[in-house]
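Chemist: You'll find query-v4.txt just under this line, and it carries compact mmCIF, C-alpha atoms and all ligand atoms.
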# COMPACT_ATOMS: atom_id res chain seq x y z
CA MET A 6 0.00 0.00 0.00
CA THR A 7 1.34 3.46 -0.82
CA LYS A 8 1.86 5.82 2.07
CA ALA A 9 -0.11 9.06 2.46
CA ILE A 10 1.75 11.91 0.80
CA PRO A 11 2.73 14.33 3.56
CA ILE A 12 1.53 17.68 2.25
CA ARG A 13 1.67 20.23 5.07
CA PRO A 14 -1.90 21.31 5.92
CA GLU A 15 -1.07 25.04 5.75
CA ILE A 16 0.11 24.53 2.17
CA ARG A 17 -2.82 22.33 1.20
CA SER A 18 -5.29 24.92 2.47
CA LEU A 19 -3.73 27.76 0.42
CA ARG A 20 -5.78 28.75 -2.55
CA ALA A 21 -3.52 28.13 -5.56
CA TYR A 22 -2.77 31.50 -7.13
CA ARG A 23 -4.38 31.15 -10.51
CA LEU A 24 -5.64 33.71 -12.92
CA GLU A 25 -9.18 33.02 -13.98
CA ASP A 26 -9.75 32.07 -17.59
CA GLU A 27 -11.55 35.01 -19.10
CA GLU A 28 -13.17 35.32 -22.46
CA PRO A 29 -10.64 36.96 -24.72
CA PHE A 30 -11.41 40.67 -24.87
CA PRO A 31 -8.80 42.84 -26.57
CA VAL A 32 -6.82 44.55 -23.78
CA ARG A 33 -6.75 48.32 -24.15
CA ALA A 34 -5.55 49.25 -20.65
CA LYS A 35 -3.83 46.72 -18.37
CA LEU A 36 -4.33 48.28 -14.92
CA ASP A 37 -4.45 45.13 -12.78
CA PHE A 38 -0.87 44.40 -11.66
CA ASN A 39 0.58 47.74 -10.47
CA GLU A 40 3.08 47.62 -13.32
CA SER A 41 4.78 50.66 -14.82
CA PRO A 42 2.91 52.16 -17.78
CA ASP A 43 6.27 52.77 -19.50
CA ASP A 44 8.72 50.05 -20.40
CA VAL A 45 12.48 50.22 -19.82
CA PRO A 46 13.81 52.79 -22.32
CA GLU A 47 15.16 51.45 -25.62
CA GLU A 48 18.75 52.64 -25.04
CA ILE A 49 18.95 50.81 -21.70
CA ARG A 50 17.51 47.64 -23.26
CA ALA A 51 20.14 47.80 -26.04
CA GLU A 52 22.97 48.38 -23.57
CA VAL A 53 21.85 45.47 -21.36
CA LEU A 54 21.69 43.11 -24.34
CA GLU A 55 25.21 44.14 -25.41
CA ARG A 56 26.62 43.60 -21.92
CA LEU A 57 24.84 40.30 -21.63
CA LYS A 58 26.38 39.12 -24.91
CA ALA A 59 29.84 39.78 -23.51
CA ARG A 60 29.31 37.62 -20.40
CA ARG A 61 29.86 33.87 -19.91
CA TRP A 62 26.38 32.36 -19.89
CA GLY A 63 27.74 28.98 -18.80
CA HIS A 64 29.20 30.32 -15.55
CA TYR A 65 27.38 31.21 -12.37
CA PRO A 66 27.06 34.91 -11.55
CA ALA A 67 29.53 36.25 -8.95
CA PHE A 68 28.86 34.64 -5.57
CA GLY A 69 26.96 36.99 -3.26
CA ALA A 70 26.31 39.52 -6.07
CA PRO A 71 28.89 42.05 -4.77
CA ARG A 72 28.61 44.43 -7.76
CA LEU A 73 24.84 44.52 -7.50
CA LYS A 74 24.96 45.13 -3.73
CA ARG A 75 27.44 47.98 -4.28
CA ALA A 76 25.24 49.52 -7.00
CA ILE A 77 22.07 49.29 -4.90
CA GLY A 78 23.89 50.64 -1.86
CA ALA A 79 25.25 53.59 -3.86
CA ALA A 80 21.81 54.31 -5.37
CA ILE A 81 20.08 54.58 -1.99
CA GLY A 82 22.95 55.82 0.15
CA ARG A 83 23.45 52.64 2.17
CA SER A 84 26.42 50.33 2.66
CA PRO A 85 26.58 47.10 0.53
CA ASP A 86 26.76 44.99 3.69
CA GLU A 87 23.25 46.24 4.55
CA ILE A 88 21.80 44.84 1.30
CA VAL A 89 20.33 41.38 0.56
CA VAL A 90 19.40 40.89 -3.09
CA GLY A 91 16.47 38.80 -4.24
CA ASN A 92 14.72 37.33 -7.24
CA GLY A 93 12.13 40.05 -6.80
CA SER A 94 11.61 41.58 -3.37
CA GLY A 95 9.09 38.83 -2.63
CA GLU A 96 11.98 36.41 -2.27
CA THR A 97 13.68 38.59 0.34
CA ILE A 98 10.40 38.94 2.25
CA LEU A 99 10.07 35.15 2.31
CA ALA A 100 13.66 34.85 3.53
CA ALA A 101 13.21 37.43 6.30
CA VAL A 102 9.87 36.01 7.44
CA SER A 103 11.47 32.54 7.59
CA VAL A 104 14.42 33.86 9.62
CA PHE A 105 12.48 35.99 12.12
CA ALA A 106 8.94 34.60 12.19
CA GLY A 107 9.30 30.99 10.94
CA GLY A 108 7.17 28.81 13.21
CA GLY A 109 6.08 31.95 15.10
CA THR A 110 3.57 34.75 14.57
CA LEU A 111 3.45 37.30 11.78
CA VAL A 112 1.39 40.41 12.55
CA LEU A 113 -0.30 42.08 9.57
CA ALA A 114 -2.61 45.10 9.12
CA SER A 115 -5.38 43.88 6.79
CA PRO A 116 -6.26 44.31 4.04
CA THR A 117 -2.68 44.11 2.88
CA PHE A 118 -0.58 42.38 0.21
CA SER A 119 -2.02 38.88 -0.32
CA LEU A 120 1.41 37.32 -0.88
CA TYR A 121 2.14 37.68 2.86
CA GLY A 122 -0.40 34.94 3.63
CA GLN A 123 1.32 32.56 1.24
CA ILE A 124 4.75 33.47 2.63
CA ALA A 125 3.52 32.87 6.19
CA ALA A 126 2.24 29.42 5.18
CA ILE A 127 5.56 28.51 3.55
CA ALA A 128 7.44 29.68 6.65
CA SER A 129 4.98 27.95 9.04
CA ALA A 130 4.11 31.28 10.64
CA ARG A 131 0.71 31.93 12.16
CA VAL A 132 -0.90 35.16 10.93
CA VAL A 133 -2.53 37.65 13.27
CA SER A 134 -4.45 40.32 11.32
CA VAL A 135 -5.29 43.71 12.76
CA PRO A 136 -8.02 45.30 10.63
CA ARG A 137 -7.60 48.65 8.88
CA THR A 138 -10.62 50.91 9.29
CA GLY A 139 -12.25 54.09 8.00
CA PRO A 140 -12.16 55.75 4.60
CA ALA A 141 -8.34 55.82 4.56
CA PHE A 142 -8.01 52.18 5.75
CA ALA A 143 -5.73 53.34 8.57
CA VAL A 144 -4.14 50.85 10.96
CA ASP A 145 -5.75 50.60 14.39
CA GLU A 146 -2.53 51.72 16.07
CA ALA A 147 -3.24 50.62 19.65
CA ARG A 148 -4.31 47.13 18.56
CA PHE A 149 -1.41 46.78 16.18
CA LEU A 150 1.09 47.78 18.88
CA ALA A 151 -0.44 45.28 21.31
CA GLU A 152 -0.05 42.43 18.79
CA ALA A 153 3.38 43.62 17.60
CA SER A 154 4.82 43.22 21.08
CA SER A 155 4.26 39.47 20.97
CA GLY A 156 4.78 38.69 17.28
CA ILE A 157 6.78 39.87 14.27
CA PRO A 158 5.05 42.81 12.53
CA LEU A 159 5.15 43.15 8.74
CA LEU A 160 3.83 46.50 7.51
CA CYS A 161 3.40 47.51 3.89
CA LEU A 162 4.09 51.25 3.40
CA PRO A 163 2.50 52.42 1.11
CA ASN A 164 0.07 49.59 1.64
CA ASN A 165 -1.01 47.36 -1.24
CA PRO A 166 -3.97 47.44 -1.97
CA THR A 167 -5.24 50.44 0.05
CA GLY A 168 -2.45 52.92 -0.85
CA GLY A 169 -1.84 54.75 2.44
CA VAL A 170 1.31 55.11 4.55
CA GLU A 171 1.57 55.10 8.34
CA THR A 172 3.46 57.91 10.03
CA ARG A 173 7.09 57.77 11.04
CA ALA A 174 6.00 58.30 14.66
CA PHE A 175 3.86 55.12 14.52
CA VAL A 176 6.62 53.11 12.84
CA GLU A 177 9.01 54.21 15.62
CA LYS A 178 6.51 53.03 18.24
CA VAL A 179 6.31 49.63 16.53
CA LEU A 180 10.12 49.51 16.53
CA ASP A 181 10.07 50.22 20.28
CA VAL A 182 7.77 47.31 21.13
CA ALA A 183 8.62 44.56 18.60
CA PRO A 184 11.82 42.50 18.54
CA VAL A 185 12.20 43.11 14.80
CA VAL A 186 10.01 45.04 12.34
CA LEU A 187 9.60 44.22 8.64
CA LEU A 188 8.66 47.17 6.39
CA ASP A 189 7.71 46.51 2.76
CA GLN A 190 8.38 49.70 0.80
CA ALA A 191 7.83 48.33 -2.73
CA TYR A 192 6.00 51.55 -3.70
CA VAL A 193 8.11 54.05 -1.74
CA GLU A 194 9.24 56.00 -4.82
CA PHE A 195 5.62 57.11 -5.40
CA ALA A 196 5.28 58.44 -1.83
CA ALA A 197 6.52 61.63 -0.16
CA PRO A 198 10.24 61.70 0.77
CA GLU A 199 9.40 61.60 4.50
CA ASP A 200 7.63 58.25 3.97
CA ASP A 201 10.93 56.62 2.97
CA PHE A 202 12.11 54.82 6.12
CA LYS A 203 15.52 53.54 4.96
CA ALA A 204 17.38 56.05 7.18
CA LEU A 205 16.04 54.11 10.20
CA VAL A 206 18.59 51.41 9.35
CA SER A 207 21.33 53.73 10.73
CA PHE A 208 20.00 53.88 14.27
CA ARG A 209 17.45 51.09 14.69
CA PRO A 210 19.06 47.64 15.11
CA ASN A 211 15.74 45.86 14.52
CA VAL A 212 14.41 47.19 11.21
CA VAL A 213 14.31 45.42 7.83
CA ILE A 214 13.07 47.25 4.71
CA PHE A 215 12.15 45.65 1.38
CA ARG A 216 12.34 47.47 -1.93
CA THR A 217 12.07 46.52 -5.57
CA LEU A 218 12.99 47.56 -9.10
CA SER A 219 9.66 46.13 -10.35
CA LYS A 220 7.60 49.29 -9.93
CA ALA A 221 9.40 52.66 -10.22
CA TYR A 222 12.12 51.18 -12.47
CA ALA A 223 9.68 49.25 -14.68
CA ALA A 224 11.77 46.07 -14.34
CA ALA A 225 9.08 43.61 -13.18
CA GLY A 226 9.88 41.15 -15.98
CA PHE A 227 13.42 40.64 -14.70
CA ARG A 228 12.84 40.02 -10.97
CA ILE A 229 15.10 42.30 -8.94
CA GLY A 230 14.36 43.28 -5.35
CA TYR A 231 16.29 43.70 -2.14
CA ALA A 232 16.18 44.02 1.62
CA VAL A 233 18.00 46.75 3.56
CA ALA A 234 18.88 46.01 7.19
CA PRO A 235 21.69 46.52 9.70
CA PRO A 236 24.63 44.30 8.63
CA ASP A 237 24.15 41.66 11.33
CA LEU A 238 20.52 41.14 10.29
CA ALA A 239 21.35 41.31 6.56
CA ARG A 240 23.90 38.53 7.09
CA GLU A 241 21.25 36.26 8.65
CA ILE A 242 18.63 36.99 5.95
CA ASP A 243 21.24 36.26 3.29
CA LYS A 244 21.63 32.75 4.68
CA ALA A 245 17.95 32.08 3.90
CA VAL A 246 18.19 32.90 0.18
CA LEU A 247 19.69 30.37 -2.20
CA PRO A 248 23.01 31.27 -3.84
CA PHE A 249 22.92 32.84 -7.34
CA ASN A 250 19.27 33.87 -6.93
CA VAL A 251 19.71 36.94 -9.14
CA ASP A 252 20.70 35.86 -12.63
CA LEU A 253 23.05 37.54 -15.11
CA ALA A 254 20.27 39.25 -17.06
CA ALA A 255 18.57 40.70 -13.99
CA GLU A 256 21.93 41.85 -12.66
CA GLU A 257 22.88 43.63 -15.90
CA LEU A 258 19.50 45.35 -16.10
CA ALA A 259 19.68 46.44 -12.46
CA LEU A 260 23.19 47.88 -12.93
CA ALA A 261 22.09 49.82 -16.02
CA LEU A 262 18.90 51.16 -14.40
CA LEU A 263 20.57 52.18 -11.15
CA ALA A 264 23.32 54.01 -13.06
CA ARG A 265 20.69 56.32 -14.59
CA PRO A 266 17.99 56.99 -11.99
CA GLU A 267 16.74 60.19 -13.70
CA GLY A 268 14.56 58.25 -16.15
CA ALA A 269 12.78 56.40 -13.36
CA LYS A 270 12.32 59.64 -11.41
CA GLU A 271 10.61 61.27 -14.39
CA ARG A 272 8.32 58.28 -14.91
CA VAL A 273 7.39 58.25 -11.23
CA ALA A 274 6.58 61.99 -11.30
CA ARG A 275 4.24 61.41 -14.25
CA VAL A 276 2.46 58.56 -12.44
CA VAL A 277 2.05 60.65 -9.28
CA LYS A 278 0.55 63.53 -11.29
CA GLU A 279 -1.83 61.16 -13.06
CA ARG A 280 -2.77 59.50 -9.75
CA GLU A 281 -3.96 62.85 -8.41
CA ARG A 282 -5.82 63.69 -11.63
CA VAL A 283 -7.62 60.33 -11.68
CA ALA A 284 -8.46 60.51 -7.95
CA VAL A 285 -10.01 63.97 -8.36
CA ALA A 286 -12.06 62.83 -11.37
CA LEU A 287 -13.29 59.71 -9.55
CA ARG A 288 -14.33 61.61 -6.44
CA ALA A 289 -16.08 64.25 -8.57
CA ALA A 290 -18.08 61.42 -10.19
CA GLY A 291 -19.17 60.10 -6.78
CA HIS A 292 -16.83 57.12 -6.37
CA ALA A 293 -14.95 56.48 -3.12
CA VAL A 294 -11.16 56.73 -3.36
CA ALA A 295 -8.76 56.07 -0.47
CA PRO A 296 -5.78 58.46 -0.25
CA SER A 297 -2.89 56.83 -2.13
CA SER A 298 0.88 57.26 -1.98
CA ALA A 299 1.45 54.44 -4.49
CA ASN A 300 0.98 53.82 -8.24
CA PHE A 301 -2.61 52.60 -7.81
CA LEU A 302 -5.92 53.69 -6.32
CA PHE A 303 -8.28 51.74 -4.08
CA VAL A 304 -11.64 52.60 -5.55
CA GLY A 305 -15.16 51.99 -4.29
CA PRO A 306 -17.28 52.36 -7.43
CA ARG A 307 -20.69 53.99 -7.05
CA GLY A 308 -23.24 51.28 -6.38
CA GLY A 309 -20.68 49.11 -4.63
CA ASN A 310 -20.69 46.02 -6.84
CA ALA A 311 -16.97 45.70 -7.55
CA ALA A 312 -17.22 42.27 -9.20
CA ARG A 313 -19.84 43.46 -11.69
CA VAL A 314 -17.93 46.67 -12.43
CA ARG A 315 -14.66 44.78 -12.97
CA ARG A 316 -16.38 42.46 -15.44
CA ALA A 317 -18.02 45.35 -17.29
CA LEU A 318 -14.67 47.15 -17.50
CA LEU A 319 -13.03 43.95 -18.77
CA GLU A 320 -15.58 43.78 -21.58
CA ARG A 321 -14.43 47.28 -22.55
CA GLY A 322 -10.77 46.22 -22.57
CA VAL A 323 -9.87 47.73 -19.19
CA LEU A 324 -8.30 45.32 -16.70
CA VAL A 325 -8.54 46.20 -13.00
CA ARG A 326 -8.44 44.05 -9.85
CA ASP A 327 -11.57 43.09 -7.93
CA MET A 328 -10.62 43.36 -4.25
CA THR A 329 -13.95 42.19 -2.81
CA ASP A 330 -12.16 39.51 -0.77
CA ALA A 331 -10.00 42.18 0.90
CA ALA A 332 -12.66 44.91 1.27
CA ALA A 333 -16.24 44.69 0.07
CA GLY A 334 -17.06 46.84 -2.95
CA ARG A 335 -13.48 47.80 -3.77
CA LEU A 336 -11.36 47.69 -6.91
CA ARG A 337 -7.62 48.26 -7.17
CA VAL A 338 -6.75 50.29 -10.24
CA THR A 339 -3.17 50.80 -11.38
CA ILE A 340 -2.28 54.24 -12.73
CA GLY A 341 -1.45 53.91 -16.43
CA THR A 342 -0.60 56.36 -19.18
CA PRO A 343 -2.88 59.41 -19.47
CA ALA A 344 -4.67 57.72 -22.40
CA GLU A 345 -5.19 54.49 -20.43
CA ASN A 346 -6.46 56.43 -17.43
CA ASP A 347 -8.92 58.34 -19.62
CA LEU A 348 -10.10 55.06 -21.06
CA PHE A 349 -10.66 53.72 -17.55
CA LEU A 350 -12.53 56.88 -16.46
CA SER A 351 -14.82 56.88 -19.48
CA ALA A 352 -15.48 53.12 -19.27
CA LEU A 353 -16.31 53.47 -15.57
CA GLN A 354 -18.67 56.33 -16.40
CA GLU A 355 -20.52 53.95 -18.72
CA VAL A 356 -20.80 51.06 -16.31
CA SER A 357 -21.22 52.59 -12.86
N1 LIG A 401 5.53 43.96 -2.02
C1 LIG A 401 4.42 44.51 -2.48
C2 LIG A 401 3.62 45.35 -1.56
C3 LIG A 401 3.99 44.30 -3.80
O1 LIG A 401 2.85 44.84 -4.22
C4 LIG A 401 4.78 43.49 -4.64
C5 LIG A 401 4.41 43.21 -6.06
N2 LIG A 401 3.10 43.27 -6.40
C6 LIG A 401 5.94 42.93 -4.11
C7 LIG A 401 6.29 43.19 -2.81
C8 LIG A 401 6.79 41.99 -4.89
O2 LIG A 401 7.47 42.64 -5.89
P1 LIG A 401 8.67 41.98 -6.65
O3 LIG A 401 8.81 40.57 -6.18
O4 LIG A 401 8.34 42.11 -8.09
O5 LIG A 401 9.86 42.79 -6.26
Would it be possible to restate this file's structure as structure tokens?
Modeler:
Amino acid sequence: MTKAIPIRPEIRSLRAYRLEDEEPFPVRAKLDFNESPDDVPEEIRAEVLERLKARRWGHYPAFGAPRLKRAIGAAIGRSPDEIVVGNGSGETILAAVSVFAGGGTLVLASPTFSLYGQIAAIASARVVSVPRTGPAFAVDEARFLAEASSGIPLLCLPNNPTGGVETRAFVEKVLDVAPVVLLDQAYVEFAAPEDDFKALVSFRPNVVIFRTLSKAYAAAGFRIGYAVAPPDLAREIDKAVLPFNVDLAAEELALALLARPEGAKERVARVVKERERVAVALRAAGHAVAPSSANFLFVGPRGGNAARVRRALLERGVLVRDMTDAAAGRLRVTIGTPAENDLFLSALQEVS
């Protein structure tokens, strides 16, 4: 008789992440994944391909990615020994959660990024969720602090999918009560400068920050992210990622992008301007919009039926995310090009 296959129950009970099969409507505006509306500029693509041609494809990349850590460190004003590189920032979040919260408790402020639930299951961490409330989906600070003192808090700032950022004063309070604090700043480039918490790494021994090149740098197809933490924590997180996790192509693209940050800055400024324009137009039309410091808006369409509105938008070629599971009646809409945003606004006008 064959033995029962030992699938861990927390993995078995995860809903497999699967995109629904949809009838094929021509896509006119893809606003469902918080991707950059602009691709990597042509001259950077050409340069990366040239550099890649000159490298040995049959050899492993340099062990520990020292060039990439130096380049990231230089780009954000931190030391290379404070950087852990990942195959996307998601990988570094998984590593850090495994190191600090594996088998323990991860404290989240919900709704938040759905990947955290999957990461917790992989790391055998129990999740405690403190609900966000009110029109801005703000964290219930007292409750969060109470939970953070007996678990490992993971905060997303700006928060996916709601878009807001907690204050520095609150983050400092969490750092005071929790043994270690994980801060996901995947969207930090779209927020105000004072919402960038990387400077905390200089004087807080217990902070870990995650960042990515997937959003502001438009590099999502290549999988480059990193953690920033005091060197003794970075060293431990690095032990939980597999060697050579960032491949040659991702490394070359990261080096080229980080050498010329002006392009990304310009693209971010355009997205931020569009975000404000779209938010004003939505509110004027009677839809609810949470304040956002990211490259997306959390929208409560008039009438409140997010699933129906998403489907009707899809039929008009506009892809947005139905967030009903996270917050009833809400959609998450990525900010696209001005033309894509106009298309979204006019399609929404038709259907809601
Ligand atoms: N954190 C947040 C909050 C995100 O929204 C995402 C991507 N959607 C990630 C992390 C992961 O990004 P990546 O792995 O592409 O760096």
Chemist: Taking all atoms of ligand LIG 401 (chain A) that appear in the file, build a box with edges along x, y and z, extend it by 5 Å on every side, and state its centre and edge lengths in Å to one decimal, as lines of an AutoDock Vina configuration file.
Modeler:
center_x = 6.4
center_y = 43.0
center_z = -4.8
size_x = 17.0
size_y = 14.8
size_z = 16.5
Chemist: Return as a ChimeraX atom specification the residues of protein, DNA or RNA that approach ligand LIG 401 (chain A) to within 9 Å, with all atoms listed in the file taken into account.
Modeler: /A:38-40,91-98,117-121,161-166,189-192,215-220,224-231
Chemist: Excluding same-chain residues fewer than 2 positions from range 197-200 of chain A, what lies within 10 Å of it counting only C-alpha atoms, as JSON, numbers by chain?
Modeler: {"A": [162, 163, 170, 171, 172, 173, 190, 193, 194, 195, 202, 203, 298, 299]}
Chemist: If I take CA of Val89 in chain A and CA of Glu146 in chain A, how far is one from the other in Å, to one decimal?
Modeler: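 According to the coordinates, CA of Val89 in chain A and CA of Glu146 in chain A are separated by 29.5 Å.
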Chemist: Looking at A:Pro158, A:Gly268, A:Gly169, A:Gly82, which one is nearest to Ser207 in chain A, with distances taken over only C-alpha atoms?
Modeler: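 Of all the options, A:Gly82 lies closest to Ser207 in chain A.
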Chemist: What is the distance, in Å and to one decimal place, between CA of Arg307 in chain A and CA of Ile340 in chain A?
Modeler: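 About the pair CA of Arg307 in chain A and CA of Ile340 in chain A: they are 19.3 Å apart.
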Chemist: To one decimal place, how far is CA of Gln354 in chain A from CA of Pro140 in chain A in Å?
Modeler: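 A separation of 22.0 Å between them.
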Chemist: Which residue is closest to Val102 in chain A? Choose from A:Ala151, A:Val144, A:Ala59, A:Ala232 and count all atoms listed in the file.
Modeler: A:Ala232
Chemist: Identify, on the basis of all atoms listed in the file, every residue whose closest approach to range 130-133 of chain A does not exceed 12 Å; exclude the query and any residue fewer than 6 positions from it along the same chain; express the result as a PyMOL selection string.
Modeler: chain A and resi 15-16+99+101-116+119+121-124+148-149+151-153+155-159
Chemist: I'd like to know which of A:Glu257, A:Pro306, A:Ala344, A:Glu355 is closest to Arg60 in chain A, using all atoms listed in the file.
Modeler: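 Nearest candidate to Arg60 in chain A out of A:Glu257, A:Pro306, A:Ala344, A:Glu355: A:Glu257.
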Chemist: List every protein, DNA or RNA residue that has at least one atom no more than 12 Å from (26.1, 47.4, -18.4) in the file's coordinates, counting only C-alpha atoms, and write the result as a ChimeraX atom specification.
Modeler: /A:48-60,72-73,76,253-265
Chemist: Please write the residues from the selection above to a file, keeping C-alpha atoms, as a PDB file, in the coordinates of the input.
Modeler:
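result.pdb was written with the following content:
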ATOM      1  CA  GLU A  48      18.750  52.640 -25.040  1.00  0.00           C
ATOM      2  CA  ILE A  49      18.950  50.810 -21.700  1.00  0.00           C
ATOM      3  CA  ARG A  50      17.510  47.640 -23.260  1.00  0.00           C
ATOM      4  CA  ALA A  51      20.140  47.800 -26.040  1.00  0.00           C
ATOM      5  CA  GLU A  52      22.970  48.380 -23.570  1.00  0.00           C
ATOM      6  CA  VAL A  53      21.850  45.470 -21.360  1.00  0.00           C
ATOM      7  CA  LEU A  54      21.690  43.110 -24.340  1.00  0.00           C
ATOM      8  CA  GLU A  55      25.210  44.140 -25.410  1.00  0.00           C
ATOM      9  CA  ARG A  56      26.620  43.600 -21.920  1.00  0.00           C
ATOM     10  CA  LEU A  57      24.840  40.300 -21.630  1.00  0.00           C
ATOM     11  CA  LYS A  58      26.380  39.120 -24.910  1.00  0.00           C
ATOM     12  CA  ALA A  59      29.840  39.780 -23.510  1.00  0.00           C
ATOM     13  CA  ARG A  60      29.310  37.620 -20.400  1.00  0.00           C
ATOM     14  CA  ARG A  72      28.610  44.430  -7.760  1.00  0.00           C
ATOM     15  CA  LEU A  73      24.840  44.520  -7.500  1.00  0.00           C
ATOM     16  CA  ALA A  76      25.240  49.520  -7.000  1.00  0.00           C
ATOM     17  CA  LEU A 253      23.050  37.540 -15.110  1.00  0.00           C
ATOM     18  CA  ALA A 254      20.270  39.250 -17.060  1.00  0.00           C
ATOM     19  CA  ALA A 255      18.570  40.700 -13.990  1.00  0.00           C
ATOM     20  CA  GLU A 256      21.930  41.850 -12.660  1.00  0.00           C
ATOM     21  CA  GLU A 257      22.880  43.630 -15.900  1.00  0.00           C
ATOM     22  CA  LEU A 258      19.500  45.350 -16.100  1.00  0.00           C
ATOM     23  CA  ALA A 259      19.680  46.440 -12.460  1.00  0.00           C
ATOM     24  CA  LEU A 260      23.190  47.880 -12.930  1.00  0.00           C
ATOM     25  CA  ALA A 261      22.090  49.820 -16.020  1.00  0.00           C
ATOM     26  CA  LEU A 262      18.900  51.160 -14.400  1.00  0.00           C
ATOM     27  CA  LEU A 263      20.570  52.180 -11.150  1.00  0.00           C
ATOM     28  CA  ALA A 264      23.320  54.010 -13.060  1.00  0.00           C
ATOM     29  CA  ARG A 265      20.690  56.320 -14.590  1.00  0.00           C
TER      30      ARG A 265
END
Chemist: List every protein, DNA or RNA residue that has an atom no more than 10 Å from (4.7, 52.3, 20.8) in the file's coordinate frame, counting only C-alpha atoms, and report them as a compact mmCIF listing (two decimals) with C-alpha atoms, in the coordinates of the input.
Modeler:
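Okay, this is what ended up in part38.txt:
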# COMPACT_ATOMS: atom_id res chain seq x y z
CA GLU A 146 -2.53 51.72 16.07
CA ALA A 147 -3.24 50.62 19.65
CA PHE A 149 -1.41 46.78 16.18
CA LEU A 150 1.09 47.78 18.88
CA ALA A 151 -0.44 45.28 21.31
CA ALA A 153 3.38 43.62 17.60
CA SER A 154 4.82 43.22 21.08
CA ALA A 174 6.00 58.30 14.66
CA PHE A 175 3.86 55.12 14.52
CA VAL A 176 6.62 53.11 12.84
CA GLU A 177 9.01 54.21 15.62
CA LYS A 178 6.51 53.03 18.24
CA VAL A 179 6.31 49.63 16.53
CA LEU A 180 10.12 49.51 16.53
CA ASP A 181 10.07 50.22 20.28
CA VAL A 182 7.77 47.31 21.13
CA ALA A 183 8.62 44.56 18.60
Chemist: Please return range 176-189 of chain A, rebuilt to N, CA and C atoms, as an mmCIF file, keeping the file's coordinate frame.
Modeler:
data_model
loop_
_atom_site.group_PDB
_atom_site.id
_atom_site.type_symbol
_atom_site.label_atom_id
_atom_site.label_comp_id
_atom_site.auth_asym_id
_atom_site.auth_seq_id
_atom_site.Cartn_x
_atom_site.Cartn_y
_atom_site.Cartn_z
ATOM 1 N N VAL A 176 5.605 54.129 13.157
ATOM 2 C CA VAL A 176 6.620 53.110 12.840
ATOM 3 C C VAL A 176 7.651 53.044 13.977
ATOM 4 N N GLU A 177 8.028 54.189 14.512
ATOM 5 C CA GLU A 177 9.010 54.210 15.620
ATOM 6 C C GLU A 177 8.440 53.517 16.861
ATOM 7 N N LYS A 178 7.119 53.705 17.076
ATOM 8 C CA LYS A 178 6.510 53.030 18.240
ATOM 9 C C LYS A 178 6.531 51.521 18.045
ATOM 10 N N VAL A 179 6.276 51.080 16.809
ATOM 11 C CA VAL A 179 6.310 49.630 16.530
ATOM 12 C C VAL A 179 7.737 49.111 16.763
ATOM 13 N N LEU A 180 8.721 49.912 16.335
ATOM 14 C CA LEU A 180 10.120 49.510 16.530
ATOM 15 C C LEU A 180 10.470 49.424 18.021
ATOM 16 N N ASP A 181 9.819 50.243 18.831
ATOM 17 C CA ASP A 181 10.070 50.220 20.280
ATOM 18 C C ASP A 181 9.544 48.943 20.934
ATOM 19 N N VAL A 182 8.404 48.427 20.413
ATOM 20 C CA VAL A 182 7.770 47.310 21.130
ATOM 21 C C VAL A 182 8.088 45.931 20.538
ATOM 22 N N ALA A 183 8.442 45.871 19.247
ATOM 23 C CA ALA A 183 8.620 44.560 18.600
ATOM 24 C C ALA A 183 10.100 44.194 18.548
ATOM 25 N N PRO A 184 10.407 42.904 18.604
ATOM 26 C CA PRO A 184 11.820 42.500 18.540
ATOM 27 C C PRO A 184 12.466 42.882 17.209
ATOM 28 N N VAL A 185 11.711 42.705 16.128
ATOM 29 C CA VAL A 185 12.200 43.110 14.800
ATOM 30 C C VAL A 185 10.980 43.507 13.984
ATOM 31 N N VAL A 186 11.139 44.498 13.103
ATOM 32 C CA VAL A 186 10.010 45.040 12.340
ATOM 33 C C VAL A 186 10.332 44.963 10.851
ATOM 34 N N LEU A 187 9.410 44.371 10.083
ATOM 35 C CA LEU A 187 9.600 44.220 8.640
ATOM 36 C C LEU A 187 8.744 45.265 7.929
ATOM 37 N N LEU A 188 9.361 46.085 7.085
ATOM 38 C CA LEU A 188 8.660 47.170 6.390
ATOM 39 C C LEU A 188 8.798 46.965 4.884
ATOM 40 N N ASP A 189 7.686 46.699 4.211
ATOM 41 C CA ASP A 189 7.710 46.510 2.760
ATOM 42 C C ASP A 189 7.458 47.858 2.097
#
